[in-house]
file upload_30.cif (mmCIF, C-alpha atoms and all ligand atoms)
data_protein
#
loop_
_atom_site.label_atom_id
_atom_site.label_comp_id
_atom_site.auth_asym_id
_atom_site.auth_seq_id
_atom_site.Cartn_x
_atom_site.Cartn_y
_atom_site.Cartn_z
CA MET A 1 126.75 88.50 77.89
CA VAL A 2 123.15 87.77 78.95
CA SER A 3 122.09 87.08 82.52
CA ARG A 4 119.19 85.09 83.88
CA LEU A 5 117.57 84.22 87.23
CA ILE A 6 117.61 80.52 88.07
CA LYS A 7 116.63 79.10 91.46
CA GLY A 8 117.16 82.55 92.97
CA TRP A 9 120.66 82.95 91.51
CA GLN A 10 121.52 85.57 88.96
CA ILE A 11 123.94 83.85 86.60
CA ALA A 12 125.81 85.04 83.58
CA LEU A 13 125.11 83.21 80.34
CA GLY A 14 128.40 82.58 78.60
CA PRO A 15 128.68 80.99 75.18
CA HIS A 16 128.51 77.55 76.79
CA GLN A 17 125.28 78.08 78.70
CA ALA A 18 122.09 77.32 76.84
CA ASP A 19 118.71 78.90 77.34
CA SER A 20 116.42 76.10 76.19
CA ASN A 21 118.22 73.42 78.16
CA ILE A 22 119.24 75.29 81.28
CA GLY A 23 119.07 73.11 84.38
CA TRP A 24 119.26 69.81 82.48
CA GLU A 25 122.04 68.49 84.73
CA ASP A 26 119.72 68.65 87.75
CA THR A 27 117.54 65.86 86.33
CA MET A 28 120.36 63.55 85.20
CA LYS A 29 120.56 61.58 88.46
CA GLU A 30 117.22 59.98 87.59
CA LEU A 31 118.34 58.86 84.13
CA ARG A 32 120.06 55.83 82.68
CA VAL A 33 122.15 56.82 79.68
CA LEU A 34 123.64 54.49 77.07
CA VAL A 35 126.77 55.59 75.19
CA THR A 36 127.60 53.29 72.26
CA GLY A 37 131.25 53.56 71.27
CA GLY A 38 131.78 54.73 74.86
CA SER A 39 135.37 53.53 75.14
CA GLY A 40 136.49 55.40 72.03
CA PHE A 41 138.05 58.86 71.89
CA LEU A 42 134.91 60.98 71.93
CA GLY A 43 132.72 58.44 73.75
CA SER A 44 135.07 58.18 76.74
CA HIS A 45 135.08 61.97 77.26
CA LEU A 46 131.30 61.94 76.97
CA CYS A 47 131.10 59.15 79.59
CA ASP A 48 133.32 61.25 81.91
CA ARG A 49 130.97 64.19 81.55
CA LEU A 50 127.81 62.13 82.06
CA VAL A 51 129.14 60.24 85.09
CA GLU A 52 129.83 63.61 86.76
CA THR A 53 126.14 64.56 86.37
CA GLY A 54 125.17 61.54 88.52
CA ALA A 55 123.42 59.73 85.67
CA GLU A 56 123.72 55.96 85.49
CA VAL A 57 126.00 55.51 82.48
CA LEU A 58 126.19 52.34 80.36
CA CYS A 59 129.18 52.24 78.02
CA LEU A 60 128.67 49.77 75.16
CA ASP A 61 131.63 48.92 72.94
CA ASN A 62 133.16 46.09 70.91
CA PHE A 63 136.67 47.58 71.46
CA PHE A 64 137.50 47.70 67.76
CA THR A 65 139.11 51.12 68.05
CA GLY A 66 138.20 51.90 71.65
CA SER A 67 140.31 50.92 74.63
CA LYS A 68 139.85 50.11 78.30
CA ARG A 69 142.58 52.61 79.08
CA ASN A 70 140.25 55.42 77.98
CA ILE A 71 137.66 54.50 80.62
CA ARG A 72 139.91 53.09 83.33
CA ASP A 73 139.26 56.02 85.71
CA LEU A 74 135.53 55.36 85.47
CA LEU A 75 135.63 51.64 86.19
CA ASP A 76 135.32 52.03 89.96
CA ARG A 77 132.52 54.59 89.76
CA LYS A 78 129.21 53.22 91.06
CA ASN A 79 127.20 54.88 88.29
CA PHE A 80 129.32 53.48 85.44
CA GLU A 81 129.07 50.10 83.71
CA VAL A 82 130.73 48.58 80.63
CA ILE A 83 129.03 46.20 78.21
CA ARG A 84 131.19 44.43 75.63
CA HIS A 85 128.84 44.08 72.67
CA ASP A 86 128.86 44.49 68.91
CA LEU A 87 126.16 46.95 67.87
CA VAL A 88 125.43 44.98 64.73
CA GLU A 89 123.68 42.49 67.04
CA PRO A 90 120.45 43.58 68.77
CA ILE A 91 120.53 44.13 72.53
CA LEU A 92 117.81 44.46 75.16
CA LEU A 93 118.38 47.26 77.69
CA GLU A 94 116.25 49.71 79.65
CA VAL A 95 117.54 53.26 79.15
CA ASP A 96 116.28 56.84 78.96
CA GLN A 97 118.84 58.36 76.60
CA ILE A 98 121.08 56.85 73.90
CA TYR A 99 124.15 58.53 72.43
CA ASN A 100 124.93 56.46 69.33
CA LEU A 101 128.65 56.95 68.73
CA ALA A 102 129.71 53.42 67.80
CA SER A 103 131.54 53.52 64.47
CA PRO A 104 135.17 53.73 63.48
CA ALA A 105 135.84 57.37 62.59
CA SER A 106 139.35 57.47 61.13
CA PRO A 107 139.65 56.71 57.38
CA VAL A 108 142.33 54.09 58.18
CA HIS A 109 139.96 52.24 60.51
CA TYR A 110 136.69 52.60 58.63
CA GLN A 111 138.35 51.42 55.41
CA TYR A 112 139.94 48.40 57.14
CA ASN A 113 136.64 46.49 56.91
CA PRO A 114 134.29 48.69 54.88
CA VAL A 115 131.39 46.22 54.88
CA LYS A 116 131.53 46.13 58.67
CA THR A 117 131.55 49.95 58.72
CA VAL A 118 128.31 49.99 56.71
CA LYS A 119 126.81 47.32 58.97
CA THR A 120 127.71 49.22 62.12
CA ASN A 121 126.21 52.45 60.84
CA VAL A 122 123.10 50.92 59.28
CA MET A 123 122.26 47.79 61.31
CA GLY A 124 123.73 49.28 64.47
CA THR A 125 121.60 52.40 64.09
CA ILE A 126 118.50 50.31 63.36
CA ASN A 127 119.18 48.31 66.53
CA MET A 128 119.51 51.48 68.59
CA LEU A 129 116.40 53.04 67.04
CA GLY A 130 114.47 49.83 67.73
CA LEU A 131 115.63 50.00 71.33
CA ALA A 132 114.70 53.69 71.58
CA LYS A 133 111.26 52.93 70.14
CA ARG A 134 110.63 50.04 72.55
CA VAL A 135 111.65 51.85 75.72
CA LYS A 136 110.70 55.39 74.55
CA ALA A 137 114.23 56.67 74.95
CA ARG A 138 115.63 59.79 73.35
CA ILE A 139 118.41 58.99 70.87
CA LEU A 140 121.22 61.16 69.52
CA GLN A 141 123.08 60.08 66.40
CA ALA A 142 126.74 61.05 66.00
CA SER A 143 126.63 62.01 62.33
CA THR A 144 129.49 63.68 60.55
CA SER A 145 130.59 66.50 58.29
CA GLU A 146 131.39 63.67 55.85
CA VAL A 147 127.70 63.66 54.87
CA TYR A 148 128.65 66.82 52.90
CA GLY A 149 131.37 64.82 51.07
CA ASP A 150 133.73 67.06 49.09
CA PRO A 151 131.51 70.11 49.54
CA GLN A 152 130.69 72.58 46.80
CA GLN A 153 129.19 75.05 49.28
CA HIS A 154 131.37 76.79 51.79
CA PRO A 155 130.99 77.00 54.74
CA GLN A 156 128.59 74.09 55.03
CA LYS A 157 125.08 74.77 56.31
CA GLU A 158 122.71 72.02 57.46
CA THR A 159 120.50 72.73 54.43
CA TYR A 160 123.26 71.62 52.02
CA TRP A 161 122.65 68.08 50.70
CA GLY A 162 126.29 67.33 50.06
CA HIS A 163 128.54 66.03 47.30
CA VAL A 164 129.38 62.41 48.10
CA ASN A 165 130.87 59.73 45.86
CA PRO A 166 128.59 56.72 46.51
CA ILE A 167 131.10 54.14 45.27
CA GLY A 168 134.47 55.46 46.51
CA LEU A 169 136.74 54.33 49.32
CA ARG A 170 135.18 56.80 51.78
CA SER A 171 131.60 55.92 50.90
CA CYS A 172 131.25 53.06 53.42
CA TYR A 173 131.49 55.73 56.10
CA ASP A 174 129.92 58.72 54.33
CA GLU A 175 126.95 56.80 52.95
CA GLY A 176 126.67 54.70 56.13
CA LYS A 177 126.24 57.91 58.12
CA ARG A 178 123.82 59.34 55.54
CA VAL A 179 121.62 56.23 55.83
CA ALA A 180 121.86 56.52 59.62
CA GLU A 181 120.45 60.06 59.33
CA THR A 182 117.70 58.78 57.02
CA LEU A 183 116.81 56.07 59.54
CA MET A 184 116.67 58.61 62.35
CA MET A 185 114.24 60.81 60.44
CA ASP A 186 112.11 57.86 59.28
CA TYR A 187 111.78 56.50 62.84
CA TYR A 188 110.88 60.04 63.91
CA ARG A 189 108.17 60.45 61.25
CA GLN A 190 106.88 56.86 61.30
CA ASN A 191 107.24 55.93 64.98
CA GLN A 192 107.57 59.28 66.74
CA VAL A 193 110.95 58.29 68.18
CA ASP A 194 112.56 61.28 69.91
CA VAL A 195 115.64 61.71 67.68
CA LYS A 196 118.56 64.14 67.51
CA ILE A 197 121.17 64.38 64.75
CA VAL A 198 124.51 66.09 65.30
CA ARG A 199 126.90 66.56 62.38
CA ILE A 200 130.27 66.43 64.07
CA PHE A 201 133.21 68.19 62.40
CA ASN A 202 136.87 67.17 62.90
CA THR A 203 137.43 66.79 66.63
CA TYR A 204 140.75 66.19 68.40
CA GLY A 205 142.15 65.90 71.89
CA PRO A 206 143.65 63.55 74.49
CA ARG A 207 142.82 59.83 74.10
CA MET A 208 142.96 59.76 70.33
CA ALA A 209 144.71 56.46 69.66
CA VAL A 210 148.41 56.67 68.75
CA SER A 211 147.60 54.56 65.68
CA ASP A 212 144.35 56.42 64.94
CA GLY A 213 145.59 57.69 61.58
CA ARG A 214 143.78 61.04 61.68
CA VAL A 215 145.80 64.12 60.99
CA VAL A 216 146.12 65.67 64.46
CA SER A 217 147.28 62.51 66.20
CA ASN A 218 149.52 61.54 63.26
CA PHE A 219 151.32 64.91 63.24
CA ILE A 220 151.73 65.01 67.02
CA VAL A 221 153.05 61.45 67.27
CA GLN A 222 155.41 62.04 64.33
CA ALA A 223 156.66 65.31 65.84
CA LEU A 224 157.25 63.80 69.28
CA ARG A 225 159.22 60.94 67.72
CA ASN A 226 161.11 63.32 65.39
CA ASP A 227 159.75 61.22 62.51
CA PRO A 228 158.83 62.87 59.19
CA ILE A 229 155.49 64.74 59.22
CA THR A 230 153.37 63.21 56.45
CA ILE A 231 151.35 65.83 54.59
CA TYR A 232 148.98 64.25 52.08
CA GLY A 233 148.74 66.32 48.90
CA ASP A 234 150.26 69.81 49.04
CA GLY A 235 148.72 70.63 52.43
CA SER A 236 146.44 73.36 51.07
CA GLN A 237 143.29 71.36 51.91
CA THR A 238 141.49 72.73 54.96
CA ARG A 239 139.76 71.38 58.05
CA SER A 240 138.22 73.08 61.08
CA PHE A 241 139.38 71.47 64.31
CA CYS A 242 137.21 71.34 67.42
CA TYR A 243 138.66 70.51 70.83
CA VAL A 244 137.00 67.53 72.49
CA SER A 245 135.58 69.36 75.55
CA ASP A 246 133.78 71.80 73.26
CA MET A 247 132.37 68.90 71.26
CA VAL A 248 131.12 67.04 74.36
CA GLU A 249 129.39 70.23 75.52
CA GLY A 250 127.66 70.51 72.13
CA LEU A 251 126.52 66.88 72.30
CA VAL A 252 125.01 67.08 75.80
CA ARG A 253 123.30 70.36 74.97
CA MET A 254 121.72 68.88 71.88
CA MET A 255 120.59 65.77 73.75
CA ASN A 256 118.90 67.89 76.39
CA CYS A 257 117.33 70.44 74.06
CA ASP A 258 113.60 69.85 73.55
CA ASN A 259 111.66 70.11 70.28
CA PHE A 260 114.66 70.05 67.98
CA THR A 261 115.68 67.02 65.89
CA GLY A 262 118.46 68.75 64.00
CA PRO A 263 120.54 67.99 62.03
CA VAL A 264 122.81 70.53 63.60
CA ASN A 265 126.47 71.20 62.81
CA VAL A 266 128.75 71.06 65.84
CA GLY A 267 132.34 72.03 65.14
CA ASN A 268 134.82 74.86 65.22
CA PRO A 269 134.36 77.39 62.41
CA ARG A 270 138.04 78.46 62.43
CA GLU A 271 139.47 76.91 59.29
CA PHE A 272 143.13 75.90 58.94
CA SER A 273 145.10 74.37 56.09
CA ILE A 274 146.79 71.06 56.83
CA ALA A 275 150.17 72.72 56.11
CA ARG A 276 149.44 75.34 58.78
CA LEU A 277 148.47 72.64 61.25
CA ALA A 278 151.79 70.89 60.59
CA GLY A 279 153.63 74.18 61.22
CA LEU A 280 151.80 74.74 64.49
CA VAL A 281 152.51 71.22 65.76
CA LEU A 282 156.21 71.60 64.87
CA GLU A 283 156.35 74.96 66.64
CA ILE A 284 154.69 73.77 69.86
CA THR A 285 156.63 70.51 70.09
CA GLN A 286 159.95 72.13 69.03
CA SER A 287 160.42 69.00 66.95
CA LYS A 288 163.24 68.34 64.51
CA SER A 289 160.91 66.47 62.15
CA GLU A 290 161.12 67.24 58.45
CA ILE A 291 157.95 67.55 56.35
CA VAL A 292 157.36 64.95 53.62
CA TYR A 293 154.59 64.97 51.03
CA ARG A 294 152.49 61.89 50.22
CA PRO A 295 149.75 61.39 47.62
CA LEU A 296 146.34 62.81 48.54
CA PRO A 297 143.96 59.92 49.30
CA GLU A 298 140.99 59.32 46.97
CA ASP A 299 138.02 61.69 47.47
CA ASP A 300 139.83 63.64 50.20
CA PRO A 301 137.68 66.78 50.71
CA ILE A 302 139.45 70.00 49.64
CA GLN A 303 137.88 72.25 52.24
CA ARG A 304 135.64 71.88 55.24
CA CYS A 305 134.20 74.44 57.62
CA PRO A 306 130.93 74.38 59.55
CA ASP A 307 128.36 77.14 59.57
CA ILE A 308 127.35 76.98 63.25
CA THR A 309 124.61 79.62 63.20
CA LEU A 310 121.98 76.99 64.06
CA ALA A 311 123.96 75.62 67.03
CA LYS A 312 124.47 79.15 68.33
CA GLU A 313 120.75 79.93 68.04
CA ARG A 314 119.23 76.68 69.25
CA LEU A 315 121.84 75.36 71.68
CA ARG A 316 123.51 78.65 72.62
CA TRP A 317 126.70 76.76 71.91
CA GLU A 318 129.97 77.74 70.33
CA PRO A 319 133.49 76.44 70.83
CA VAL A 320 135.73 78.23 73.33
CA VAL A 321 139.08 76.39 73.09
CA PRO A 322 141.45 77.88 70.47
CA LEU A 323 143.48 75.48 68.31
CA ARG A 324 146.84 76.35 69.88
CA GLU A 325 145.56 75.73 73.41
CA GLY A 326 143.82 72.51 72.40
CA LEU A 327 146.96 71.29 70.65
CA GLU A 328 149.07 72.08 73.71
CA ARG A 329 146.77 69.97 75.91
CA THR A 330 146.72 67.15 73.36
CA ILE A 331 150.51 67.20 73.01
CA GLU A 332 150.86 66.93 76.81
CA TYR A 333 148.71 63.79 76.67
CA PHE A 334 150.68 62.24 73.82
CA LYS A 335 153.96 62.90 75.63
CA GLN A 336 152.76 60.42 78.26
CA VAL A 337 151.69 57.68 75.85
CA VAL A 338 154.21 57.86 72.99
P1 LIG A 401 136.76 56.15 67.84
O1 LIG A 401 137.19 55.21 66.77
O2 LIG A 401 137.76 56.58 68.83
O3 LIG A 401 135.51 55.57 68.63
C1 LIG A 401 134.54 54.74 68.04
C2 LIG A 401 134.12 53.71 69.08
O4 LIG A 401 133.09 52.86 68.51
C3 LIG A 401 135.28 52.78 69.48
O5 LIG A 401 135.31 52.65 70.88
C4 LIG A 401 134.93 51.47 68.79
O6 LIG A 401 135.50 50.35 69.43
C5 LIG A 401 133.42 51.50 68.81
N1 LIG A 401 132.79 50.65 67.81
C6 LIG A 401 133.07 50.61 66.48
N2 LIG A 401 132.28 49.70 65.88
C7 LIG A 401 131.50 49.16 66.84
C8 LIG A 401 130.49 48.15 66.84
N3 LIG A 401 130.14 47.51 65.72
N4 LIG A 401 129.90 47.83 68.01
C9 LIG A 401 130.26 48.46 69.16
N5 LIG A 401 131.21 49.42 69.22
C10 LIG A 401 131.81 49.76 68.06
O7 LIG A 401 136.14 57.42 67.07
P2 LIG A 401 135.63 58.81 67.67
O8 LIG A 401 136.43 59.87 67.06
O9 LIG A 401 135.49 58.74 69.13
O10 LIG A 401 134.18 58.89 67.00
C11 LIG A 401 132.99 58.62 67.72
C12 LIG A 401 131.79 58.88 66.85
O11 LIG A 401 131.77 60.25 66.43
C13 LIG A 401 131.76 58.04 65.58
O12 LIG A 401 130.42 57.66 65.31
C14 LIG A 401 132.24 59.00 64.51
O13 LIG A 401 131.71 58.66 63.25
C15 LIG A 401 131.69 60.31 65.01
N6 LIG A 401 132.49 61.44 64.50
C16 LIG A 401 133.72 61.71 65.03
C17 LIG A 401 134.47 62.74 64.50
C18 LIG A 401 135.81 63.12 65.05
O14 LIG A 401 136.47 63.98 64.49
N7 LIG A 401 136.27 62.53 66.14
C19 LIG A 401 133.98 63.49 63.42
C20 LIG A 401 132.72 63.16 62.90
C21 LIG A 401 131.99 62.14 63.45
N1 LIG A 402 146.25 64.08 56.44
C1 LIG A 402 147.59 64.36 56.23
N2 LIG A 402 148.51 63.60 56.86
C2 LIG A 402 148.19 62.59 57.72
C3 LIG A 402 146.82 62.31 57.94
C4 LIG A 402 145.87 63.08 57.26
O1 LIG A 402 147.93 65.29 55.48
O2 LIG A 402 149.10 61.95 58.26
C5 LIG A 402 145.24 64.91 55.77
C6 LIG A 402 144.14 64.15 55.05
O3 LIG A 402 144.53 63.82 53.73
C7 LIG A 402 143.01 65.16 55.10
C8 LIG A 402 143.22 65.90 56.40
O4 LIG A 402 144.58 65.66 56.76
O5 LIG A 402 143.12 66.06 54.02
C9 LIG A 402 142.33 65.42 57.54
O6 LIG A 402 142.43 64.01 57.59
P1 LIG A 402 141.73 63.13 58.72
O7 LIG A 402 141.94 61.71 58.36
O8 LIG A 402 142.20 63.61 60.05
O9 LIG A 402 140.19 63.53 58.65
P2 LIG A 402 139.13 63.62 57.45
O10 LIG A 402 139.82 63.56 56.13
O11 LIG A 402 138.20 62.49 57.67
O12 LIG A 402 138.53 64.95 57.66
#
call {"tool": "encode", "arguments": {"input": "upload_30.cif", "output": "structure tokens", "more": "lines below"}}
Ligand code: NAD
Ligand code: UDP
result
Amino acid sequence: MVSRLIKGWQIALGPHQADSNIGWEDTMKELRVLVTGGSGFLGSHLCDRLVETGAEVLCLDNFFTGSKRNIRDLLDRKNFEVIRHDLVEPILLEVDQIYNLASPASPVHYQYNPVKTVKTNVMGTINMLGLAKRVKARILQASTSEVYGDPQQHPQKETYWGHVNPIGLRSCYDEGKRVAETLMMDYYRQNQVDVKIVRIFNTYGPRMAVSDGRVVSNFIVQALRNDPITIYGDGSQTRSFCYVSDMVEGLVRMMNCDNFTGPVNVGNPREFSIARLAGLVLEITQSKSEIVYRPLPEDDPIQRCPDITLAKERLRWEPVVPLREGLERTIEYFKQVV
């Protein structure tokens, strides 16, 4: 562990304390921060974190997959405001930082209206970049590990260009996010917009919607109801699951890190098979659910694991919540809502 002198205090630098962006929270009270998709799973936790810094937080959402319940504890905070708006339409605001999270993230939701998913990620990102350009705001794009598609390199480094089917069922999301990254870099090169790209890997935690459709929430809800646990394929495919508080820490560190556009992978490098995840959920919940096997969806990636060397070096970030502990906290949440 490293130590460092700040404002006369000798503090220890743990894995969650960055060098380049130390002290960023002290300046937040002067800033107005926009979080698009702020009432969704990740966005609402990010809003919680930002409101605590004293920043003025604007949460923009069209409530497609987000919910007021996620932000209800923030509604009476003086430095928090909600704007119901669809990102596909332009909006005029005055802000200093933009976290662009608006987009359905679960395959079930992004495939519900794929054209709208493309519009949100392309037109929505153009609208946010136009706003950032006009008011000289810094903008962070929530990209995804899906830009690597069904990867042929393992683990995935930021330098890997990916293996994406451009015409498949997942492409509205994968290619939408890839164009969003392209737009970020073109606005950076052409208009000197201060951009940041974070490639988020599978993240889970409290406030995932019961009907979200992603694997962690599906398994937990099924286990708590003693319904069959639906493993798609044979369960040997892998994912690397990051607890939401670790992810939020990665996002705020990247936003407040100077001279670094990314892309940077933020995720947990501990890889688990889907079958193992099912076993862990069954064990923690003590559920009587049986396991049933369903067909693997089209283009479902076989393995996924981030190389987080860059995040460790540039952000001094790495996840600290182990899967079992994160699952226990998430299960506690779902016990209240299921
Ligand atoms: P989520 O579905 O819970 O949240 C998305 C939010 O965006 C919702 O509140 C939704 O209502 C809002 N939204 C969708 N379309 C919109 C539009 N056109 N205008 C305004 N608001 C709109 O998903 P999440 O897991 O919180 O994901 C947040 C972001 O992080 C997304 O951009 C997603 O692609 C990205 N991401 C998440 C993960 C993950 O594992 N959670 C992984 C990779 C990337
Ligand atoms: N999955 C599963 N059962 C479910 C939901 C998902 O076996 O009820 C699988 C899915 O096929 C994929 C993995 O779990 O291989 C992760 O799926 P998720 O939708 O959570 O995320 P993504 O595929 O976008 O990484």
call {"tool": "residues_near_ligand", "arguments": {"input": "upload_30.cif", "ligand": "ligand LIG 401 (chain A)", "cutoff": "6 Å", "atoms": "all atoms listed in the file", "output": "JSON list (two decimals) with C-alpha atoms, in the frame of the given file"}}
result
[["chain", "number", "residue", "atom", "x", "y", "z"],
["A", 37, "GLY", "CA", 131.25, 53.56, 71.27],
["A", 38, "GLY", "CA", 131.78, 54.73, 74.86],
["A", 39, "SER", "CA", 135.37, 53.53, 75.14],
["A", 40, "GLY", "CA", 136.49, 55.40, 72.03],
["A", 41, "PHE", "CA", 138.05, 58.86, 71.89],
["A", 42, "LEU", "CA", 134.91, 60.98, 71.93],
["A", 43, "GLY", "CA", 132.72, 58.44, 73.75],
["A", 61, "ASP", "CA", 131.63, 48.92, 72.94],
["A", 62, "ASN", "CA", 133.16, 46.09, 70.91],
["A", 63, "PHE", "CA", 136.67, 47.58, 71.46],
["A", 64, "PHE", "CA", 137.50, 47.70, 67.76],
["A", 65, "THR", "CA", 139.11, 51.12, 68.05],
["A", 66, "GLY", "CA", 138.20, 51.90, 71.65],
["A", 85, "HIS", "CA", 128.84, 44.08, 72.67],
["A", 86, "ASP", "CA", 128.86, 44.49, 68.91],
["A", 87, "LEU", "CA", 126.16, 46.95, 67.87],
["A", 88, "VAL", "CA", 125.43, 44.98, 64.73],
["A", 101, "LEU", "CA", 128.65, 56.95, 68.73],
["A", 102, "ALA", "CA", 129.71, 53.42, 67.80],
["A", 103, "SER", "CA", 131.54, 53.52, 64.47],
["A", 104, "PRO", "CA", 135.17, 53.73, 63.48],
["A", 105, "ALA", "CA", 135.84, 57.37, 62.59],
["A", 120, "THR", "CA", 127.71, 49.22, 62.12],
["A", 142, "ALA", "CA", 126.74, 61.05, 66.00],
["A", 143, "SER", "CA", 126.63, 62.01, 62.33],
["A", 144, "THR", "CA", 129.49, 63.68, 60.55],
["A", 200, "ILE", "CA", 130.27, 66.43, 64.07],
["A", 201, "PHE", "CA", 133.21, 68.19, 62.40],
["A", 202, "ASN", "CA", 136.87, 67.17, 62.90],
["A", 203, "THR", "CA", 137.43, 66.79, 66.63]]
call {"tool": "closest_residue", "arguments": {"input": "upload_30.cif", "among": "A:Pro228, A:Pro107, A:Pro206, A:Gly176", "to": "ligand LIG 402 (chain A)", "atoms": "only C-alpha atoms and all ligand atoms"}}
result
A:Pro107
call {"tool": "closest_atom_pairs", "arguments": {"input": "upload_30.cif", "of": "chain A", "to": "ligand LIG 402 (chain A)", "cutoff": "7 Å", "atoms": "all atoms listed in the file", "output": "tab-separated table"}}
result
residue	atom	partner	partner_atom	distance
A:Ser106	CA	A:LIG402	O7	5.7
A:Pro107	CA	A:LIG402	O7	5.6
A:Asn202	CA	A:LIG402	O12	5.9
A:Gly213	CA	A:LIG402	C3	6.0
A:Arg214	CA	A:LIG402	O8	3.4
A:Val215	CA	A:LIG402	C3	3.7
A:Val216	CA	A:LIG402	O8	6.2
A:Asn218	CA	A:LIG402	O2	5.0
A:Phe219	CA	A:LIG402	O2	6.2
A:Thr230	CA	A:LIG402	O2	4.8
A:Ile231	CA	A:LIG402	O1	3.6
A:Tyr232	CA	A:LIG402	O1	3.7
A:Gly233	CA	A:LIG402	O1	6.7
A:Gly235	CA	A:LIG402	O1	6.2
A:Gln237	CA	A:LIG402	O5	5.7
A:Thr238	CA	A:LIG402	O5	6.9
A:Arg239	CA	A:LIG402	C9	6.5
A:Ile274	CA	A:LIG402	O4	5.8
A:Leu296	CA	A:LIG402	O3	5.6
A:Pro297	CA	A:LIG402	O3	5.9
A:Asp300	CA	A:LIG402	O5	5.6
A:Pro301	CA	A:LIG402	O5	6.4
A:Ile302	CA	A:LIG402	O5	6.9
call {"tool": "write_last_selection", "arguments": {"input": "upload_30.cif", "atoms": "C-alpha atoms", "output": "mmCIF file, in the coordinates of the input"}}
result
data_model
loop_
_atom_site.group_PDB
_atom_site.id
_atom_site.type_symbol
_atom_site.label_atom_id
_atom_site.label_comp_id
_atom_site.auth_asym_id
_atom_site.auth_seq_id
_atom_site.Cartn_x
_atom_site.Cartn_y
_atom_site.Cartn_z
ATOM 1 C CA SER A 106 139.350 57.470 61.130
ATOM 2 C CA PRO A 107 139.650 56.710 57.380
ATOM 3 C CA ASN A 202 136.870 67.170 62.900
ATOM 4 C CA GLY A 213 145.590 57.690 61.580
ATOM 5 C CA ARG A 214 143.780 61.040 61.680
ATOM 6 C CA VAL A 215 145.800 64.120 60.990
ATOM 7 C CA VAL A 216 146.120 65.670 64.460
ATOM 8 C CA ASN A 218 149.520 61.540 63.260
ATOM 9 C CA PHE A 219 151.320 64.910 63.240
ATOM 10 C CA THR A 230 153.370 63.210 56.450
ATOM 11 C CA ILE A 231 151.350 65.830 54.590
ATOM 12 C CA TYR A 232 148.980 64.250 52.080
ATOM 13 C CA GLY A 233 148.740 66.320 48.900
ATOM 14 C CA GLY A 235 148.720 70.630 52.430
ATOM 15 C CA GLN A 237 143.290 71.360 51.910
ATOM 16 C CA THR A 238 141.490 72.730 54.960
ATOM 17 C CA ARG A 239 139.760 71.380 58.050
ATOM 18 C CA ILE A 274 146.790 71.060 56.830
ATOM 19 C CA LEU A 296 146.340 62.810 48.540
ATOM 20 C CA PRO A 297 143.960 59.920 49.300
ATOM 21 C CA ASP A 300 139.830 63.640 50.200
ATOM 22 C CA PRO A 301 137.680 66.780 50.710
ATOM 23 C CA ILE A 302 139.450 70.000 49.640
#
call {"tool": "residues_near_point", "arguments": {"input": "upload_30.cif", "point": "(132.1, 74.6, 51.1)", "cutoff": "9 Å", "atoms": "all atoms listed in the file", "output": "ChimeraX atom specification"}}
result
/A:148,150-157,302-306
call {"tool": "closest_residue", "arguments": {"input": "upload_30.cif", "among": "A:Lys29, A:Ser240, A:Met208, A:Leu140", "to": "Asn70 (chain A)", "atoms": "only C-alpha atoms"}}
result
A:Met208
call {"tool": "closest_residue", "arguments": {"input": "upload_30.cif", "among": "A:Pro322, A:Val244, A:Asp299, A:Leu327", "to": "Ile284 (chain A)", "atoms": "all atoms listed in the file"}}
result
A:Leu327
call {"tool": "residues_around", "arguments": {"input": "upload_30.cif", "residues": "Asn100 (chain A)", "least_positions_apart": "6", "cutoff": "12 Å", "atoms": "only C-alpha atoms", "output": "JSON, numbers by chain"}}
result
{"A": [33, 34, 35, 36, 37, 38, 40, 42, 43, 46, 58, 59, 60, 61, 87, 120, 121, 122, 124, 125, 126, 127, 128, 129, 131, 132, 138, 139, 140, 141, 142, 143, 177, 180, 181, 184, 195, 196, 197, 198, 251, 255]}
call {"tool": "residues_around", "arguments": {"input": "upload_30.cif", "residues": "Ser245 (chain A)", "least_positions_apart": "4", "cutoff": "9 Å", "atoms": "all atoms listed in the file", "output": "number ranges by chain"}}
result
A: 45-46, 205, 249-250, 319, 321
call {"tool": "closest_residue", "arguments": {"input": "upload_30.cif", "among": "A:Val266, A:Leu183, A:Cys257, A:Ala223", "to": "Ser287 (chain A)", "atoms": "only C-alpha atoms"}}
result
A:Ala223
call {"tool": "atom_distance", "arguments": {"input": "upload_30.cif", "atom1": "CA of Gly162 (chain A)", "atom2": "CA of Val147 (chain A)"}}
result
6.2 Å
call {"tool": "residues_near_point", "arguments": {"input": "upload_30.cif", "point": "(140.1, 55.6, 84.6)", "cutoff": "12 Å", "atoms": "all atoms listed in the file", "output": "PyMOL selection string"}}
result
chain A and resi 39+44-45+47-48+51+67-77+80+207
call {"tool": "write_last_selection", "arguments": {"input": "upload_30.cif", "atoms": "C-alpha atoms", "output": "compact mmCIF listing (two decimals), in the frame of the given file"}}
result
# COMPACT_ATOMS: atom_id res chain seq x y z
CA SER A 39 135.37 53.53 75.14
CA SER A 44 135.07 58.18 76.74
CA HIS A 45 135.08 61.97 77.26
CA CYS A 47 131.10 59.15 79.59
CA ASP A 48 133.32 61.25 81.91
CA VAL A 51 129.14 60.24 85.09
CA SER A 67 140.31 50.92 74.63
CA LYS A 68 139.85 50.11 78.30
CA ARG A 69 142.58 52.61 79.08
CA ASN A 70 140.25 55.42 77.98
CA ILE A 71 137.66 54.50 80.62
CA ARG A 72 139.91 53.09 83.33
CA ASP A 73 139.26 56.02 85.71
CA LEU A 74 135.53 55.36 85.47
CA LEU A 75 135.63 51.64 86.19
CA ASP A 76 135.32 52.03 89.96
CA ARG A 77 132.52 54.59 89.76
CA PHE A 80 129.32 53.48 85.44
CA ARG A 207 142.82 59.83 74.10
